Amino acid sequence: MSGREQAYIGEAFLDNWIAPLGPHINAFESELSAYIGSGGATAVSSGTAAIHLALRLLGVGEGDSVCCPSFTFIASANPILYLGAEPIFIDSEPESWNMSPAALEKALAHASRCGKLPKAVIVVHLYGAMADMEAIMGICESYGVPIVEDAAESLGSTYQGRQSGTFGRFGIFSFNGNKIITTSGGGMLVSDDILALEKARFLATQARDEAPHYQHSQMGYNYRMSNVLAGIGRAQLDVINDRVEARRSIFHIYEEALKHWGEIQFMPELPGTRSNRWLTALTIDSPHAEYMIQQLLAAMIRANIEVRPLWKPLHMQPLFEGNAFYSHSATGRAVCEDLFHRGLCLPSGSSLSLEDQGRVIDVVEDVMHQLTGLTARAVN
């Protein structure tokens, strides 16, 4: 916490604005849209809710399809199912770990030949790192397919100086407890289309018609954020730049401490982009990478340090068995499958102390020494 949350919460209690409306909601929406440079924003109950609303606003429905990265958390894809549509999964590219423009081109070209283009493309900025938006936007524009930008993990990241979440028809952010700023639970839908955002607010408030009585002509959702949580979000947003610098510092400490291990490769950052480094993620470059990752995970558990494997690709999940998947290359294992088998995420919280980070580094060093049987190699 930043330390100012209690003041905003106190205001909400003193003013008796507890319900899902109030001055903090309006202020949080305007302050976040000003920070990222969008036309407006609508605060909702989760990032998942924001994706759901974005797809609904784009007219996604029964029998439609939506392209989505395979290498992401399932929340990116579940809203496609909510609307009765079909996810089409797209591989990653090695340069960013994010959606492969080459694989996306394959998917859209095939859909075009079949006469049924997807209703939308969801682009994710994985672990805070920006996808290649120039290439992806060019492809989507050529086929006339709108983009929903899942920036749940990337608040504060930039692409050619422009904030994440502002490239697509809609952008979404998450304020879940593990994100770079949090409202404990919550999200935001952003867009330059103010009329669409007004429709999103309407749908998120049970789609209640303007009438003195309760009247409903459309199906709606209970998706609005409360005034209390918005107050927490305002205090968090005050320190977003500090949080980004803290996460980037944590990443660079790991990178510097472990650079002498040639087998360890950290998540890349595309030229012209600046990741918020929400999570520090690495891969092992070795014929024995999968075994080495398992040993690192086991050693961390023994040391009471929480680490996680990289996302298991969605096209490998039982829920999506049989869904279409387009690979980055024509031969070999898919890029996202390879990353999953060779990677893990290290502790990366903004409040991670140097002492605790040193413990993590020590465990990595010990395991690497045991596995390689060699002293660390100096890198010229």
# chains A, B, ... in the order shown; residues from 1 in each chain; ligands from 1
$ closest_atom_pairs --of "region 88-178 of chain A" --to "region 41-54 of chain A" --cutoff "8 Å" --atoms "only C-alpha atoms" --output "JSON lines"
{"residue": "A:Val148", "atom": "CA", "partner": "A:Ala54", "partner_atom": "CA", "distance": 7.0}
{"residue": "A:Asp150", "atom": "CA", "partner": "A:Ile51", "partner_atom": "CA", "distance": 7.5}
{"residue": "A:Ala152", "atom": "CA", "partner": "A:Gly47", "partner_atom": "CA", "distance": 6.4}
{"residue": "A:Phe170", "atom": "CA", "partner": "A:Ala54", "partner_atom": "CA", "distance": 6.4}
{"residue": "A:Ile172", "atom": "CA", "partner": "A:Ala50", "partner_atom": "CA", "distance": 5.9}
{"residue": "A:Phe173", "atom": "CA", "partner": "A:Gly47", "partner_atom": "CA", "distance": 5.5}
{"residue": "A:Ser174", "atom": "CA", "partner": "A:Gly47", "partner_atom": "CA", "distance": 4.3}
{"residue": "A:Phe175", "atom": "CA", "partner": "A:Ser46", "partner_atom": "CA", "distance": 7.1}
{"residue": "A:Asn176", "atom": "CA", "partner": "A:Ser46", "partner_atom": "CA", "distance": 7.2}
$ write_last_selection --atoms "N, CA and C atoms" --output "mmCIF file, in the first residue's frame"
data_model
loop_
_atom_site.group_PDB
_atom_site.id
_atom_site.type_symbol
_atom_site.label_atom_id
_atom_site.label_comp_id
_atom_site.auth_asym_id
_atom_site.auth_seq_id
_atom_site.Cartn_x
_atom_site.Cartn_y
_atom_site.Cartn_z
ATOM 1 N N VAL A 148 -8.778 -5.655 -29.095
ATOM 2 C CA VAL A 148 -8.981 -5.438 -27.659
ATOM 3 C C VAL A 148 -7.635 -5.680 -27.002
ATOM 4 N N ASP A 150 -5.444 -6.380 -23.987
ATOM 5 C CA ASP A 150 -5.417 -6.873 -22.610
ATOM 6 C C ASP A 150 -4.118 -6.402 -21.965
ATOM 7 N N ALA A 152 -3.770 -5.996 -18.722
ATOM 8 C CA ALA A 152 -3.984 -6.295 -17.306
ATOM 9 C C ALA A 152 -2.694 -6.232 -16.508
ATOM 10 N N PHE A 170 -10.464 -0.982 -27.700
ATOM 11 C CA PHE A 170 -10.633 -0.948 -26.247
ATOM 12 C C PHE A 170 -9.356 -1.453 -25.595
ATOM 13 N N ILE A 172 -7.896 -2.803 -21.580
ATOM 14 C CA ILE A 172 -8.369 -3.210 -20.252
ATOM 15 C C ILE A 172 -7.185 -3.299 -19.295
ATOM 16 N N PHE A 173 -7.463 -2.976 -18.032
ATOM 17 C CA PHE A 173 -6.482 -3.121 -16.962
ATOM 18 C C PHE A 173 -7.098 -3.919 -15.821
ATOM 19 N N SER A 174 -6.230 -4.573 -15.058
ATOM 20 C CA SER A 174 -6.664 -5.310 -13.871
ATOM 21 C C SER A 174 -6.023 -4.702 -12.639
ATOM 22 N N PHE A 175 -6.794 -4.650 -11.558
ATOM 23 C CA PHE A 175 -6.283 -4.192 -10.264
ATOM 24 C C PHE A 175 -6.418 -5.293 -9.222
ATOM 25 N N ASN A 176 -6.278 -6.526 -9.668
ATOM 26 C CA ASN A 176 -6.267 -7.671 -8.759
ATOM 27 C C ASN A 176 -5.112 -7.506 -7.758
#
$ residues_around --residues "Phe28 (chain A)" --least-positions-apart "6" --cutoff "9 Å" --atoms "only C-alpha atoms" --output "ChimeraX atom specification"
/A:41,43,230-231,233-234,237
$ select_by_dssp --residues "region 207-314 of chain A" --states "helix (DSSP H, G or I)" --output "PyMOL selection string"
chain A and resi 227-237+240-258+289-302+314
$ atom_distance --atom1 "CA of Ile361 (chain A)" --atom2 "CA of Ala131 (chain A)"
28.2 Å
$ residues_around --residues "region 3-11 of chain A" --least-positions-apart "6" --cutoff "10 Å" --atoms "only C-alpha atoms" --output "PDB file with C-alpha atoms, in the first residue's frame"
ATOM      1  CA  TRP A  17     -20.499   6.854  -0.481  1.00  0.00           C
ATOM      2  CA  ILE A  18     -20.067   3.084  -0.149  1.00  0.00           C
ATOM      3  CA  PRO A  23     -16.813  10.796  -6.302  1.00  0.00           C
ATOM      4  CA  HIS A  24     -13.890   8.344  -6.052  1.00  0.00           C
ATOM      5  CA  THR A 183      -7.825  -2.122  -5.496  1.00  0.00           C
ATOM      6  CA  ASN A 227     -16.550   3.888  -4.449  1.00  0.00           C
ATOM      7  CA  VAL A 228     -14.446   2.485  -1.577  1.00  0.00           C
ATOM      8  CA  LEU A 229     -12.262   0.378  -3.880  1.00  0.00           C
ATOM      9  CA  ALA A 230     -11.904   3.289  -6.289  1.00  0.00           C
ATOM     10  CA  GLY A 231     -10.495   5.318  -3.399  1.00  0.00           C
ATOM     11  CA  ILE A 232      -7.839   2.641  -2.888  1.00  0.00           C
ATOM     12  CA  GLY A 233      -7.114   2.771  -6.617  1.00  0.00           C
ATOM     13  CA  ARG A 234      -6.582   6.537  -6.552  1.00  0.00           C
ATOM     14  CA  ALA A 235      -3.980   6.205  -3.811  1.00  0.00           C
ATOM     15  CA  GLN A 236      -2.295   3.402  -5.738  1.00  0.00           C
ATOM     16  CA  ASP A 238      -0.465   8.190  -7.176  1.00  0.00           C
ATOM     17  CA  VAL A 239       2.593   5.924  -6.908  1.00  0.00           C
TER      18      VAL A 239
END
$ closest_residue --among "A:Phe13, A:Pro101, A:Ile25, A:Ala151" --to "Ser76 (chain A)" --atoms "only C-alpha atoms"
A:Ala151
$ residues_around --residues "Gly349 (chain A)" --least-positions-apart "4" --cutoff "12 Å" --atoms "only C-alpha atoms" --output "PyMOL selection string"
chain A and resi 1+177-181+243-251+276-280+306-307+345+353-354+356-357
$ closest_residue --among "A:Asn304, A:Asn16, A:Ser184, A:Gln160" --to "Pro347 (chain A)" --atoms "only C-alpha atoms"
A:Asn304
$ closest_residue --among "A:Cys67, A:Ile80, A:Ile240, A:Ile264" --to "Asp285 (chain A)" --atoms "only C-alpha atoms"
A:Ile264
$ atom_distance --atom1 "CA of Val190 (chain A)" --atom2 "CA of Gly171 (chain A)"
5.0 Å
$ residues_around --residues "Lys312 (chain A)" --least-positions-apart "4" --cutoff "9 Å" --atoms "only C-alpha atoms" --output "PDB file with C-alpha atoms, in the first residue's frame"
ATOM      1  CA  SER A  70      -2.240 -18.943 -26.318  1.00  0.00           C
ATOM      2  CA  PHE A  71       0.515 -17.820 -23.937  1.00  0.00           C
ATOM      3  CA  THR A  72      -1.567 -15.965 -21.351  1.00  0.00           C
ATOM      4  CA  PHE A  73      -3.752 -16.413 -18.278  1.00  0.00           C
ATOM      5  CA  MET A 316      -2.759 -27.152 -24.237  1.00  0.00           C
ATOM      6  CA  GLN A 317      -5.502 -26.766 -21.617  1.00  0.00           C
ATOM      7  CA  CYS A 336       4.775 -20.730 -26.399  1.00  0.00           C
ATOM      8  CA  GLU A 337       5.065 -24.454 -25.644  1.00  0.00           C
ATOM      9  CA  LEU A 339       8.693 -21.163 -23.221  1.00  0.00           C
ATOM     10  CA  PHE A 340       6.320 -23.012 -20.890  1.00  0.00           C
ATOM     11  CA  HIS A 341       8.661 -25.992 -20.602  1.00  0.00           C
TER      12      HIS A 341
END
$ select_by_dssp --residues "region 49-267 of chain A" --states "strand (DSSP E)" --output "MDAnalysis selection string"
chainID A and resid 65:69 86:90 120:124 147:150 158:159 162:163 170:174 187:191 264:266
$ closest_residue --among "A:Leu195, A:Leu371, A:Leu104, A:Met188" --to "Ile36 (chain A)" --atoms "only C-alpha atoms"
A:Met188
$ residues_around --residues "Ala299 (chain A)" --least-positions-apart "4" --cutoff "12 Å" --atoms "only C-alpha atoms" --output "CSV table (one decimal) with N, CA and C atoms, in the first residue's frame"
chain,number,residue,atom,x,y,z
A,292,MET,N,16.1,-28.9,-15.4
A,292,MET,CA,16.7,-27.8,-14.6
A,292,MET,C,15.6,-26.9,-14.0
A,293,ILE,N,14.6,-26.7,-14.7
A,293,ILE,CA,13.5,-25.8,-14.2
A,293,ILE,C,12.8,-26.6,-13.0
A,294,GLN,N,12.6,-27.9,-13.2
A,294,GLN,CA,11.9,-28.6,-12.1
A,294,GLN,C,12.8,-28.6,-10.8
A,295,GLN,N,14.1,-28.7,-11.0
A,295,GLN,CA,15.0,-28.6,-9.8
A,295,GLN,C,15.0,-27.2,-9.2
A,303,ALA,N,13.1,-23.8,0.2
A,303,ALA,CA,13.6,-22.6,0.8
A,303,ALA,C,12.4,-21.6,1.2
A,304,ASN,N,11.2,-22.1,1.1
A,304,ASN,CA,10.0,-21.3,1.4
A,304,ASN,C,9.9,-20.0,0.5
A,305,ILE,N,10.3,-20.1,-0.7
A,305,ILE,CA,10.2,-19.0,-1.7
A,305,ILE,C,9.2,-19.4,-2.8
A,306,GLU,N,8.2,-18.6,-3.0
A,306,GLU,CA,7.2,-18.9,-4.0
A,306,GLU,C,7.7,-18.5,-5.4
A,307,VAL,N,7.7,-19.4,-6.3
A,307,VAL,CA,8.0,-19.2,-7.7
A,307,VAL,C,6.9,-19.9,-8.5
A,359,ARG,N,18.3,-13.8,-1.2
A,359,ARG,CA,18.0,-15.3,-0.9
A,359,ARG,C,17.6,-16.0,-2.2
A,360,VAL,N,16.7,-15.4,-3.0
A,360,VAL,CA,16.3,-16.0,-4.2
A,360,VAL,C,17.5,-16.2,-5.1
A,361,ILE,N,18.3,-15.2,-5.3
A,361,ILE,CA,19.5,-15.3,-6.1
A,361,ILE,C,20.4,-16.4,-5.6
A,362,ASP,N,20.6,-16.5,-4.3
A,362,ASP,CA,21.5,-17.6,-3.7
A,362,ASP,C,20.9,-19.0,-4.1
A,363,VAL,N,19.6,-19.2,-4.0
A,363,VAL,CA,19.1,-20.5,-4.4
A,363,VAL,C,19.3,-20.8,-5.8
A,364,VAL,N,19.1,-19.8,-6.7
A,364,VAL,CA,19.4,-20.0,-8.1
A,364,VAL,C,20.8,-20.4,-8.3
A,365,GLU,N,21.7,-19.7,-7.7
A,365,GLU,CA,23.2,-20.0,-7.8
A,365,GLU,C,23.5,-21.4,-7.4
A,366,ASP,N,23.0,-21.8,-6.2
A,366,ASP,CA,23.2,-23.1,-5.7
A,366,ASP,C,22.8,-24.2,-6.6
A,367,VAL,N,21.6,-24.0,-7.2
A,367,VAL,CA,21.0,-25.1,-8.1
A,367,VAL,C,21.8,-25.1,-9.3
A,368,MET,N,22.2,-23.9,-9.9
A,368,MET,CA,22.9,-23.9,-11.1
A,368,MET,C,24.3,-24.6,-10.9
A,370,GLN,N,25.0,-26.9,-8.8
A,370,GLN,CA,24.8,-28.4,-8.6
A,370,GLN,C,24.5,-29.0,-10.0
A,371,LEU,N,23.7,-28.3,-10.8
A,371,LEU,CA,23.3,-28.9,-12.0
A,371,LEU,C,24.4,-28.9,-13.1
$ decode --residues "region 248-269 of chain A" --atoms "N, CA and C atoms" --output "compact mmCIF listing (two decimals), in the first residue's frame"
# COMPACT_ATOMS: atom_id res chain seq x y z
N ARG A 248 11.31 -2.52 -12.20
CA ARG A 248 12.42 -2.53 -13.15
C ARG A 248 13.76 -2.69 -12.41
N SER A 249 13.87 -2.10 -11.24
CA SER A 249 15.09 -2.26 -10.44
C SER A 249 15.26 -3.70 -10.00
N ILE A 250 14.17 -4.34 -9.57
CA ILE A 250 14.22 -5.75 -9.17
C ILE A 250 14.68 -6.61 -10.34
N PHE A 251 14.12 -6.34 -11.52
CA PHE A 251 14.52 -7.09 -12.72
C PHE A 251 16.02 -6.94 -12.98
N HIS A 252 16.52 -5.71 -12.94
CA HIS A 252 17.92 -5.47 -13.28
C HIS A 252 18.88 -6.06 -12.25
N ILE A 253 18.46 -6.12 -11.00
CA ILE A 253 19.29 -6.78 -9.97
C ILE A 253 19.42 -8.26 -10.28
N TYR A 254 18.28 -8.90 -10.61
CA TYR A 254 18.34 -10.32 -11.00
C TYR A 254 19.24 -10.50 -12.23
N GLU A 255 19.02 -9.66 -13.21
CA GLU A 255 19.76 -9.78 -14.47
C GLU A 255 21.26 -9.63 -14.24
N GLU A 256 21.65 -8.65 -13.45
CA GLU A 256 23.07 -8.41 -13.20
C GLU A 256 23.68 -9.54 -12.37
N ALA A 257 22.94 -10.02 -11.37
CA ALA A 257 23.47 -11.05 -10.47
C ALA A 257 23.64 -12.39 -11.16
N LEU A 258 22.82 -12.66 -12.18
CA LEU A 258 22.82 -13.99 -12.79
C LEU A 258 23.33 -14.00 -14.23
N LYS A 259 23.86 -12.88 -14.70
CA LYS A 259 24.25 -12.81 -16.11
C LYS A 259 25.42 -13.72 -16.46
N HIS A 260 26.19 -14.15 -15.44
CA HIS A 260 27.33 -15.02 -15.74
C HIS A 260 26.90 -16.45 -16.08
N TRP A 261 25.62 -16.75 -15.86
CA TRP A 261 25.11 -18.07 -16.26
C TRP A 261 24.56 -17.95 -17.68
N GLY A 262 25.30 -18.47 -18.63
CA GLY A 262 24.88 -18.38 -20.02
C GLY A 262 23.58 -19.09 -20.30
N GLU A 263 23.23 -20.06 -19.46
CA GLU A 263 21.98 -20.81 -19.68
C GLU A 263 20.74 -19.99 -19.32
N ILE A 264 20.90 -18.97 -18.48
CA ILE A 264 19.75 -18.19 -18.01
C ILE A 264 19.51 -17.02 -18.95
N GLN A 265 18.31 -16.98 -19.53
CA GLN A 265 17.91 -15.90 -20.43
C GLN A 265 16.65 -15.24 -19.87
N PHE A 266 16.70 -13.92 -19.73
CA PHE A 266 15.55 -13.20 -19.18
C PHE A 266 14.61 -12.75 -20.30
N MET A 267 13.35 -12.50 -19.91
CA MET A 267 12.35 -12.09 -20.89
C MET A 267 12.82 -10.85 -21.64
N PRO A 268 12.78 -10.88 -22.97
CA PRO A 268 13.28 -9.74 -23.75
C PRO A 268 12.34 -8.54 -23.71
N GLU A 269 12.89 -7.41 -24.12
CA GLU A 269 12.14 -6.16 -24.20
C GLU A 269 12.34 -5.63 -25.61
